[in-house]
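Reproduced below: protein29.pdb, with PDB, C-alpha atoms, pLDDT in the B column.
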```pdb
ATOM      1  CA  MET A   1     -27.873  14.531  -4.838  1.00 67.00           C
ATOM      2  CA  GLN A   2     -24.725  16.473  -3.868  1.00 85.00           C
ATOM      3  CA  PRO A   3     -24.922  19.011  -6.757  1.00 90.00           C
ATOM      4  CA  LEU A   4     -28.576  19.750  -5.917  1.00 93.00           C
ATOM      5  CA  LYS A   5     -27.671  20.182  -2.266  1.00 92.00           C
ATOM      6  CA  THR A   6     -24.882  22.600  -3.207  1.00 94.00           C
ATOM      7  CA  ILE A   7     -27.235  24.638  -5.418  1.00 96.00           C
ATOM      8  CA  LEU A   8     -29.940  24.774  -2.737  1.00 95.00           C
ATOM      9  CA  LEU A   9     -27.395  25.686  -0.081  1.00 94.00           C
ATOM     10  CA  ASN A  10     -26.055  28.557  -2.173  1.00 95.00           C
ATOM     11  CA  ILE A  11     -29.589  29.820  -2.844  1.00 97.00           C
ATOM     12  CA  HIS A  12     -30.348  29.531   0.885  1.00 96.00           C
ATOM     13  CA  ILE A  13     -27.265  31.507   1.896  1.00 95.00           C
ATOM     14  CA  PHE A  14     -27.778  34.173  -0.778  1.00 96.00           C
ATOM     15  CA  ALA A  15     -31.479  34.587   0.094  1.00 97.00           C
ATOM     16  CA  SER A  16     -30.624  34.838   3.807  1.00 96.00           C
ATOM     17  CA  ILE A  17     -28.052  37.535   3.126  1.00 95.00           C
ATOM     18  CA  THR A  18     -30.582  39.441   1.003  1.00 95.00           C
ATOM     19  CA  TRP A  19     -33.297  39.312   3.659  1.00 95.00           C
ATOM     20  CA  VAL A  20     -31.274  39.796   6.838  1.00 94.00           C
ATOM     21  CA  GLY A  21     -28.838  42.160   5.103  1.00 94.00           C
ATOM     22  CA  SER A  22     -31.718  44.399   4.019  1.00 93.00           C
ATOM     23  CA  VAL A  23     -33.005  44.499   7.581  1.00 92.00           C
ATOM     24  CA  PHE A  24     -29.510  45.260   8.911  1.00 93.00           C
ATOM     25  CA  MET A  25     -29.007  48.073   6.422  1.00 92.00           C
ATOM     26  CA  GLY A  26     -32.412  49.616   7.120  1.00 90.00           C
ATOM     27  CA  THR A  27     -32.122  49.367  10.897  1.00 90.00           C
ATOM     28  CA  PHE A  28     -28.539  50.125  11.727  1.00 91.00           C
ATOM     29  CA  VAL A  29     -27.345  52.233   8.803  1.00 93.00           C
ATOM     30  CA  ASP A  30     -30.206  53.996   7.034  1.00 92.00           C
ATOM     31  CA  TRP A  31     -32.348  55.034   9.995  1.00 93.00           C
ATOM     32  CA  PRO A  32     -29.703  57.032  11.904  1.00 92.00           C
ATOM     33  CA  ALA A  33     -28.604  58.685   8.646  1.00 94.00           C
ATOM     34  CA  ALA A  34     -32.182  59.482   7.579  1.00 94.00           C
ATOM     35  CA  LYS A  35     -33.058  60.916  11.002  1.00 92.00           C
ATOM     36  CA  ALA A  36     -29.991  63.140  10.933  1.00 93.00           C
ATOM     37  CA  SER A  37     -30.948  64.529   7.520  1.00 93.00           C
ATOM     38  CA  VAL A  38     -34.166  66.263   8.698  1.00 92.00           C
ATOM     39  CA  LYS A  39     -35.023  68.835  11.335  1.00 91.00           C
ATOM     40  CA  PRO A  40     -35.618  67.630  14.926  1.00 91.00           C
ATOM     41  CA  GLY A  41     -39.220  66.428  15.311  1.00 91.00           C
ATOM     42  CA  GLU A  42     -39.590  65.764  11.594  1.00 92.00           C
ATOM     43  CA  PHE A  43     -39.945  62.186  10.467  1.00 94.00           C
ATOM     44  CA  PRO A  44     -37.927  61.443   7.297  1.00 94.00           C
ATOM     45  CA  PHE A  45     -40.979  60.144   5.419  1.00 93.00           C
ATOM     46  CA  LYS A  46     -39.558  60.514   1.939  1.00 91.00           C
ATOM     47  CA  PHE A  47     -36.440  58.503   2.650  1.00 93.00           C
ATOM     48  CA  ILE A  48     -37.915  55.855   4.937  1.00 93.00           C
ATOM     49  CA  ILE A  49     -41.028  55.090   2.867  1.00 93.00           C
ATOM     50  CA  GLY A  50     -38.967  55.251  -0.325  1.00 91.00           C
ATOM     51  CA  GLN A  51     -36.511  52.782   1.151  1.00 92.00           C
ATOM     52  CA  GLY A  52     -39.323  50.539   2.413  1.00 92.00           C
ATOM     53  CA  HIS A  53     -40.903  50.567  -1.023  1.00 91.00           C
ATOM     54  CA  ARG A  54     -37.654  49.562  -2.726  1.00 91.00           C
ATOM     55  CA  VAL A  55     -36.628  46.933  -0.188  1.00 92.00           C
ATOM     56  CA  PHE A  56     -40.055  45.273  -0.282  1.00 93.00           C
ATOM     57  CA  VAL A  57     -39.352  43.155  -3.377  1.00 93.00           C
ATOM     58  CA  PHE A  58     -35.888  42.031  -2.235  1.00 94.00           C
ATOM     59  CA  VAL A  59     -37.110  41.053   1.218  1.00 95.00           C
ATOM     60  CA  TYR A  60     -39.995  38.950  -0.074  1.00 96.00           C
ATOM     61  CA  ILE A  61     -37.822  37.288  -2.729  1.00 96.00           C
ATOM     62  CA  GLY A  62     -35.384  36.508   0.094  1.00 96.00           C
ATOM     63  CA  ILE A  63     -38.137  35.076   2.305  1.00 97.00           C
ATOM     64  CA  PHE A  64     -39.512  32.937  -0.533  1.00 97.00           C
ATOM     65  CA  PHE A  65     -36.129  31.429  -1.388  1.00 98.00           C
ATOM     66  CA  VAL A  66     -35.065  30.943   2.237  1.00 97.00           C
ATOM     67  CA  TRP A  67     -38.170  28.862   2.878  1.00 97.00           C
ATOM     68  CA  THR A  68     -38.214  26.898  -0.402  1.00 97.00           C
ATOM     69  CA  SER A  69     -34.484  26.144  -0.420  1.00 97.00           C
ATOM     70  CA  GLY A  70     -34.661  25.303   3.293  1.00 95.00           C
ATOM     71  CA  ILE A  71     -37.486  22.828   2.695  1.00 96.00           C
ATOM     72  CA  GLY A  72     -35.481  21.321  -0.181  1.00 96.00           C
ATOM     73  CA  LEU A  73     -32.375  20.969   1.993  1.00 94.00           C
ATOM     74  CA  THR A  74     -34.420  19.357   4.763  1.00 93.00           C
ATOM     75  CA  LEU A  75     -35.860  16.811   2.317  1.00 93.00           C
ATOM     76  CA  ILE A  76     -32.379  15.964   1.023  1.00 92.00           C
ATOM     77  CA  HIS A  77     -30.772  15.893   4.457  1.00 87.00           C
ATOM     78  CA  ALA A  78     -33.564  14.984   6.866  1.00 87.00           C
ATOM     79  CA  PRO A  79     -32.655  15.535  10.530  1.00 85.00           C
ATOM     80  CA  PHE A  80     -31.647  12.220  12.015  1.00 86.00           C
ATOM     81  CA  THR A  81     -30.351  12.717  15.532  1.00 91.00           C
ATOM     82  CA  GLY A  82     -32.087  14.413  18.410  1.00 91.00           C
ATOM     83  CA  LYS A  83     -29.599  17.265  18.236  1.00 90.00           C
ATOM     84  CA  GLU A  84     -30.377  17.869  14.560  1.00 91.00           C
ATOM     85  CA  LEU A  85     -34.106  17.882  15.290  1.00 93.00           C
ATOM     86  CA  VAL A  86     -33.641  20.478  18.040  1.00 93.00           C
ATOM     87  CA  LEU A  87     -31.471  22.692  15.817  1.00 93.00           C
ATOM     88  CA  LEU A  88     -33.971  22.462  12.958  1.00 93.00           C
ATOM     89  CA  GLY A  89     -36.824  23.209  15.346  1.00 93.00           C
ATOM     90  CA  ILE A  90     -35.073  26.334  16.625  1.00 94.00           C
ATOM     91  CA  LYS A  91     -34.317  27.430  13.067  1.00 95.00           C
ATOM     92  CA  ILE A  92     -37.925  26.939  11.914  1.00 95.00           C
ATOM     93  CA  ALA A  93     -39.236  28.813  14.969  1.00 96.00           C
ATOM     94  CA  ALA A  94     -36.841  31.701  14.302  1.00 96.00           C
ATOM     95  CA  LEU A  95     -37.798  31.898  10.615  1.00 97.00           C
ATOM     96  CA  THR A  96     -41.507  31.734  11.451  1.00 97.00           C
ATOM     97  CA  ILE A  97     -41.228  34.653  13.882  1.00 97.00           C
ATOM     98  CA  MET A  98     -39.115  36.624  11.366  1.00 97.00           C
ATOM     99  CA  THR A  99     -41.672  36.029   8.620  1.00 97.00           C
ATOM    100  CA  GLY A 100     -44.470  37.036  10.990  1.00 97.00           C
ATOM    101  CA  PHE A 101     -42.664  40.270  11.892  1.00 96.00           C
ATOM    102  CA  THR A 102     -42.174  41.078   8.206  1.00 95.00           C
ATOM    103  CA  LEU A 103     -45.803  40.392   7.259  1.00 95.00           C
ATOM    104  CA  TYR A 104     -47.015  42.448  10.220  1.00 95.00           C
ATOM    105  CA  GLY A 105     -44.790  45.295   9.091  1.00 94.00           C
ATOM    106  CA  THR A 106     -46.028  45.192   5.517  1.00 93.00           C
ATOM    107  CA  PHE A 107     -49.739  44.943   6.261  1.00 93.00           C
ATOM    108  CA  GLY A 108     -49.754  46.939   9.488  1.00 92.00           C
ATOM    109  CA  THR A 109     -46.939  49.308  10.311  1.00 93.00           C
ATOM    110  CA  TRP A 110     -45.905  50.459   6.838  1.00 94.00           C
ATOM    111  CA  ARG A 111     -49.474  51.165   5.750  1.00 93.00           C
ATOM    112  CA  LYS A 112     -50.140  53.216   8.890  1.00 94.00           C
ATOM    113  CA  LEU A 113     -46.795  54.973   8.545  1.00 95.00           C
ATOM    114  CA  GLN A 114     -47.642  56.345   5.109  1.00 95.00           C
ATOM    115  CA  VAL A 115     -50.554  58.401   6.452  1.00 96.00           C
ATOM    116  CA  ALA A 116     -49.149  59.127   9.908  1.00 96.00           C
ATOM    117  CA  THR A 117     -48.368  62.520  11.361  1.00 95.00           C
ATOM    118  CA  HIS A 118     -44.720  63.118  12.246  1.00 94.00           C
ATOM    119  CA  ALA A 119     -45.338  62.335  15.931  1.00 94.00           C
ATOM    120  CA  GLU A 120     -47.275  59.145  15.148  1.00 95.00           C
ATOM    121  CA  ALA A 121     -44.638  58.036  12.651  1.00 96.00           C
ATOM    122  CA  PHE A 122     -41.882  58.084  15.269  1.00 96.00           C
ATOM    123  CA  ASN A 123     -44.036  55.902  17.493  1.00 95.00           C
ATOM    124  CA  HIS A 124     -44.897  53.408  14.723  1.00 95.00           C
ATOM    125  CA  TYR A 125     -41.292  53.257  13.626  1.00 94.00           C
ATOM    126  CA  LYS A 126     -39.993  52.704  17.150  1.00 94.00           C
ATOM    127  CA  TYR A 127     -41.891  49.409  17.381  1.00 95.00           C
ATOM    128  CA  TYR A 128     -40.969  48.525  13.818  1.00 94.00           C
ATOM    129  CA  MET A 129     -37.306  48.958  14.798  1.00 94.00           C
ATOM    130  CA  TYR A 130     -37.717  46.608  17.756  1.00 95.00           C
ATOM    131  CA  ARG A 131     -39.147  43.986  15.394  1.00 95.00           C
ATOM    132  CA  ALA A 132     -36.407  44.641  12.829  1.00 95.00           C
ATOM    133  CA  MET A 133     -33.741  44.141  15.509  1.00 95.00           C
ATOM    134  CA  GLY A 134     -35.560  40.940  16.489  1.00 96.00           C
ATOM    135  CA  THR A 135     -35.566  39.819  12.857  1.00 95.00           C
ATOM    136  CA  PHE A 136     -31.844  40.496  12.557  1.00 95.00           C
ATOM    137  CA  THR A 137     -31.037  38.656  15.803  1.00 95.00           C
ATOM    138  CA  LEU A 138     -33.235  35.671  14.950  1.00 96.00           C
ATOM    139  CA  GLY A 139     -31.831  35.608  11.411  1.00 95.00           C
ATOM    140  CA  SER A 140     -28.314  35.429  12.803  1.00 93.00           C
ATOM    141  CA  LEU A 141     -29.420  32.659  15.181  1.00 93.00           C
ATOM    142  CA  ALA A 142     -31.061  30.745  12.312  1.00 92.00           C
ATOM    143  CA  ALA A 143     -27.864  31.058  10.270  1.00 91.00           C
ATOM    144  CA  VAL A 144     -25.820  29.585  13.126  1.00 90.00           C
ATOM    145  CA  MET A 145     -28.330  26.731  13.538  1.00 87.00           C
ATOM    146  CA  GLY A 146     -28.102  26.107   9.792  1.00 85.00           C
ATOM    147  CA  GLY A 147     -24.306  25.980   9.984  1.00 85.00           C
ATOM    148  CA  TRP A 148     -24.426  23.361  12.719  1.00 84.00           C
ATOM    149  CA  LEU A 149     -26.918  21.313  10.694  1.00 79.00           C
ATOM    150  CA  LEU A 150     -24.514  20.926   7.749  1.00 75.00           C
TER     151      LEU A 150
ATOM    152  CA  MET B   1     -68.805  79.242  -4.672  1.00 77.00           C
ATOM    153  CA  LYS B   2     -69.270  76.032  -6.612  1.00 90.00           C
ATOM    154  CA  THR B   3     -69.818  72.880  -4.595  1.00 93.00           C
ATOM    155  CA  THR B   4     -68.717  69.429  -5.709  1.00 95.00           C
ATOM    156  CA  PHE B   5     -70.136  66.098  -4.634  1.00 96.00           C
ATOM    157  CA  VAL B   6     -67.642  63.215  -4.539  1.00 96.00           C
ATOM    158  CA  GLN B   7     -67.479  59.584  -3.569  1.00 96.00           C
ATOM    159  CA  ILE B   8     -64.525  58.585  -1.402  1.00 96.00           C
ATOM    160  CA  ASN B   9     -62.630  55.328  -1.434  1.00 95.00           C
ATOM    161  CA  PHE B  10     -59.800  55.446   1.102  1.00 96.00           C
ATOM    162  CA  PRO B  11     -57.968  52.563   2.803  1.00 95.00           C
ATOM    163  CA  SER B  12     -58.959  51.885   6.399  1.00 95.00           C
ATOM    164  CA  GLN B  13     -55.611  53.268   7.651  1.00 94.00           C
ATOM    165  CA  PHE B  14     -56.735  56.704   6.461  1.00 95.00           C
ATOM    166  CA  ALA B  15     -60.527  56.378   6.361  1.00 96.00           C
ATOM    167  CA  ARG B  16     -60.687  56.260  10.155  1.00 95.00           C
ATOM    168  CA  TYR B  17     -59.423  59.840  10.309  1.00 95.00           C
ATOM    169  CA  ILE B  18     -62.444  61.008   8.328  1.00 95.00           C
ATOM    170  CA  ASN B  19     -64.935  58.846  10.235  1.00 95.00           C
ATOM    171  CA  ASN B  20     -65.085  56.335   7.339  1.00 95.00           C
ATOM    172  CA  THR B  21     -66.977  58.873   5.255  1.00 94.00           C
ATOM    173  CA  THR B  22     -67.779  57.442   1.818  1.00 94.00           C
ATOM    174  CA  ASP B  23     -69.160  60.563   0.127  1.00 94.00           C
ATOM    175  CA  LEU B  24     -69.385  64.254   0.784  1.00 94.00           C
ATOM    176  CA  GLU B  25     -70.006  67.659  -0.762  1.00 95.00           C
ATOM    177  CA  PHE B  26     -67.305  70.303  -0.520  1.00 95.00           C
ATOM    178  CA  GLU B  27     -66.923  73.937  -1.498  1.00 95.00           C
ATOM    179  CA  GLY B  28     -64.647  74.299  -4.492  1.00 95.00           C
ATOM    180  CA  GLU B  29     -63.727  71.901  -7.249  1.00 95.00           C
ATOM    181  CA  SER B  30     -60.093  70.875  -6.865  1.00 96.00           C
ATOM    182  CA  ILE B  31     -58.279  68.244  -4.829  1.00 97.00           C
ATOM    183  CA  ALA B  32     -56.744  71.070  -2.774  1.00 96.00           C
ATOM    184  CA  ASP B  33     -60.275  72.321  -1.963  1.00 96.00           C
ATOM    185  CA  PHE B  34     -61.287  68.774  -1.062  1.00 97.00           C
ATOM    186  CA  ILE B  35     -58.327  68.371   1.310  1.00 96.00           C
ATOM    187  CA  ASN B  36     -59.014  71.774   2.898  1.00 95.00           C
ATOM    188  CA  ASN B  37     -62.611  70.729   3.390  1.00 95.00           C
ATOM    189  CA  ILE B  38     -61.857  67.437   5.122  1.00 96.00           C
ATOM    190  CA  GLU B  39     -59.190  69.222   7.190  1.00 96.00           C
ATOM    191  CA  GLY B  40     -61.886  71.660   8.344  1.00 95.00           C
ATOM    192  CA  ARG B  41     -64.421  68.933   9.062  1.00 95.00           C
ATOM    193  CA  PHE B  42     -62.247  66.289  10.662  1.00 95.00           C
ATOM    194  CA  GLY B  43     -58.962  68.033  11.449  1.00 91.00           C
ATOM    195  CA  ASN B  44     -55.437  66.629  11.464  1.00 89.00           C
ATOM    196  CA  VAL B  45     -55.761  65.385   7.889  1.00 94.00           C
ATOM    197  CA  ARG B  46     -53.643  67.704   5.741  1.00 94.00           C
ATOM    198  CA  GLU B  47     -50.398  66.689   7.462  1.00 93.00           C
ATOM    199  CA  ARG B  48     -51.167  63.047   6.670  1.00 95.00           C
ATOM    200  CA  LEU B  49     -51.479  63.667   2.935  1.00 96.00           C
ATOM    201  CA  LEU B  50     -49.231  66.593   2.066  1.00 94.00           C
ATOM    202  CA  ASP B  51     -45.523  67.186   2.556  1.00 90.00           C
ATOM    203  CA  GLY B  52     -43.858  70.385   3.776  1.00 86.00           C
ATOM    204  CA  ASP B  53     -44.160  71.922   0.283  1.00 88.00           C
ATOM    205  CA  GLY B  54     -47.922  71.443   0.239  1.00 90.00           C
ATOM    206  CA  GLN B  55     -47.733  68.680  -2.355  1.00 91.00           C
ATOM    207  CA  LEU B  56     -49.028  65.129  -2.053  1.00 93.00           C
ATOM    208  CA  ARG B  57     -46.531  62.936  -0.181  1.00 92.00           C
ATOM    209  CA  PRO B  58     -44.385  61.311  -2.867  1.00 87.00           C
ATOM    210  CA  TYR B  59     -45.351  57.690  -2.181  1.00 90.00           C
ATOM    211  CA  LEU B  60     -49.103  58.295  -1.864  1.00 94.00           C
ATOM    212  CA  ASN B  61     -51.261  57.923  -4.954  1.00 94.00           C
ATOM    213  CA  LEU B  62     -54.490  59.852  -5.158  1.00 96.00           C
ATOM    214  CA  PHE B  63     -56.844  59.041  -7.996  1.00 97.00           C
ATOM    215  CA  VAL B  64     -59.699  61.010  -9.480  1.00 97.00           C
ATOM    216  CA  GLY B  65     -61.725  58.334 -11.155  1.00 95.00           C
ATOM    217  CA  LYS B  66     -59.073  56.107 -12.692  1.00 94.00           C
ATOM    218  CA  LYS B  67     -56.437  58.814 -13.164  1.00 96.00           C
ATOM    219  CA  ASN B  68     -53.576  59.484 -10.783  1.00 96.00           C
ATOM    220  CA  ILE B  69     -53.507  63.208  -9.984  1.00 96.00           C
ATOM    221  CA  ARG B  70     -49.736  63.173 -10.584  1.00 93.00           C
ATOM    222  CA  SER B  71     -50.484  62.685 -14.279  1.00 95.00           C
ATOM    223  CA  LEU B  72     -53.025  65.550 -14.130  1.00 95.00           C
ATOM    224  CA  GLN B  73     -52.503  68.838 -12.282  1.00 94.00           C
ATOM    225  CA  GLY B  74     -51.513  67.469  -8.866  1.00 93.00           C
ATOM    226  CA  ILE B  75     -53.567  68.887  -6.016  1.00 95.00           C
ATOM    227  CA  ASP B  76     -54.937  71.538  -8.407  1.00 95.00           C
ATOM    228  CA  THR B  77     -56.695  68.799 -10.387  1.00 96.00           C
ATOM    229  CA  VAL B  78     -60.379  69.590 -10.859  1.00 96.00           C
ATOM    230  CA  VAL B  79     -62.732  66.888  -9.614  1.00 96.00           C
ATOM    231  CA  PRO B  80     -65.750  66.277 -11.863  1.00 96.00           C
ATOM    232  CA  GLN B  81     -69.159  66.237 -10.191  1.00 96.00           C
ATOM    233  CA  GLY B  82     -69.966  62.834  -8.639  1.00 95.00           C
ATOM    234  CA  GLU B  83     -66.494  61.418  -9.334  1.00 96.00           C
ATOM    235  CA  ARG B  84     -64.718  58.984  -7.025  1.00 97.00           C
ATOM    236  CA  ILE B  85     -61.540  60.022  -5.152  1.00 97.00           C
ATOM    237  CA  SER B  86     -59.373  57.059  -4.188  1.00 97.00           C
ATOM    238  CA  LEU B  87     -56.189  56.772  -2.189  1.00 96.00           C
ATOM    239  CA  LEU B  88     -53.693  54.003  -2.881  1.00 95.00           C
ATOM    240  CA  LEU B  89     -50.845  53.324  -0.471  1.00 93.00           C
ATOM    241  CA  SER B  90     -47.471  52.060  -1.672  1.00 91.00           C
ATOM    242  CA  ARG B  91     -46.332  48.494  -1.119  1.00 89.00           C
ATOM    243  CA  ALA B  92     -43.551  48.792   1.390  1.00 87.00           C
ATOM    244  CA  GLY B  93     -41.859  47.102   4.267  1.00 80.00           C
ATOM    245  CA  GLY B  94     -39.273  44.579   5.151  1.00 70.00           C
TER     246      GLY B  94
END
```
Will you turn the file into structure tokens for me?
Amino acid sequence: MQPLKTILLNIHIFASITWVGSVFMGTFVDWPAAKASVKPGEFPFKFIIGQGHRVFVFVYIGIFFVWTSGIGLTLIHAPFTGKELVLLGIKIAALTIMTGFTLYGTFGTWRKLQVATHAEAFNHYKYYMYRAMGTFTLGSLAAVMGGWLL
Amino acid sequence: MKTTFVQINFPSQFARYINNTTDLEFEGESIADFINNIEGRFGNVRERLLDGDGQLRPYLNLFVGKKNIRSLQGIDTVVPQGERISLLLSRAGG
């Protein structure tokens, strides 16, 4: 069972880095740089939508493998104590909210953003950024919970 | 001037800006004429479709029938009478 656990754990960590790392890059690195590259009042559509289009596949691959490897790890190492149950519960809640934020972004925000005016785009993106920061924070929390569960 | 009748198939995110219109007749025969027409009728539309150079935003895909206008003549593409104009948004988001 140990080799399978090691494989699943590595997949879980790599998928988490892919997902949360993409969100970190988009939120804290790309957005300030993209905004600075256009005139004031202009939304950097080309860069932001282009980035969102490219990151889409990586994020959803990350989400898929985080969940599947996480379920596998839970089956191998089922929570036993009350503390483990609480940690797992917090981690599942965090991942559920993160997944919800991402799905909302894909089917809501990013579709509206593509046909938004510059002024509307800033507004849509402001709330997207709040959710992205939430995803990053919850992802970090979930990673810590996962570390304590090992 | 020639008028062209077209069917419209736009996603709800854009269709609401043209009152969910599903067909219309416009003066002219190109995509540019079509966009000018819906800009005149509904307003605040051109900025949503075109970039600062007057070309279709790079991640939007506008089809005349089954052909993407990028593989034709861009916004100068002539729309055949009765043809369907469709807009496809890109998959994006994380």
Point to revise | Result set of the PyMOL selection byres ((chain B) within 8 of (chain A)) on the coordinates above, as a VMD selection string | key: chain B and resid 13 to 14 47 to 49 57 to 60 89 to 94
Practice item. Step by step, work through what the PyMOL selection byres ((chain B and resi 68) around 12) selects in the shown file, and finish by giving those residues as a list in words. Key: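 Answer for the PyMOL selection byres ((chain B and resi 68) around 12): Ile31, Leu56, Leu60, Asn61, Leu62, Phe63, Val64, Gly65, Lys66, Lys67, Ile69, Arg70, Ser71, Leu72, Gln73, Gly74, Ile75, Thr77, Val79, Arg84, Ile85, Ser86, Leu87 and Leu88 of chain B.
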Exercise for review: Report the distance between atom CA of B:Met1 and atom CA of B:Ala15 in Å, rounded to one decimal place.
Suggested key: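 Going from atom CA of B:Met1 over to atom CA of B:Ala15 covers 26.7 Å.
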**Study point:** Residue IDs satisfying the PyMOL selection byres ((chain A and resi 143) around 12), as a PyMOL selection string
**Key:** chain A and resi 9+12-17+19-20+66+70+87-88+90-92+94-95+135-142+144-150
Exercise for review: Please indicate the distance in Å from atom CA of A:Pro40 to atom CA of A:Ala121, rounded to one decimal place.
Suggested key: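 Between these atoms lies a distance of 13.4 Å.
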**Study point:** Atomic separation - atom CA of A:Ala78 relative to atom CA of A:Met98, Å
**Key:** 22.8 Å
**Study point:** Nearest residue to A:Ala119 from the set A:Trp31, A:Phe24, A:Phe43, A:Phe80 (distances using all atoms listed in the file)
**Key:**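 For A:Ala119, the nearest of the candidates is A:Phe43.
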Review point. Between B:Glu25, B:Asp53, B:Glu83, B:Asp76, which has the minimum distance to B:Ile38 (counting all atoms listed in the file)?
Key: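 When distances to B:Ile38 are compared using all atoms listed in the file, the smallest one comes from B:Glu25.
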Practice item. Using all atoms listed in the file, find the one residue out of B:Ser12, B:Gln81, B:Gln55, B:Asn44 that sits nearest to B:Glu27. Key: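 Ranking B:Ser12, B:Gln81, B:Gln55, B:Asn44 by distance to B:Glu27, first place goes to B:Gln81.
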Practice item. For each of A:Thr68, A:Phe122, A:Gly100, A:Val29, take the minimum atom-to-atom distance to A:Gly134, counting all atoms listed in the file, then give the residue where this is smallest. Key: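 Nearest candidate to A:Gly134 out of A:Thr68, A:Phe122, A:Gly100, A:Val29: A:Gly100.
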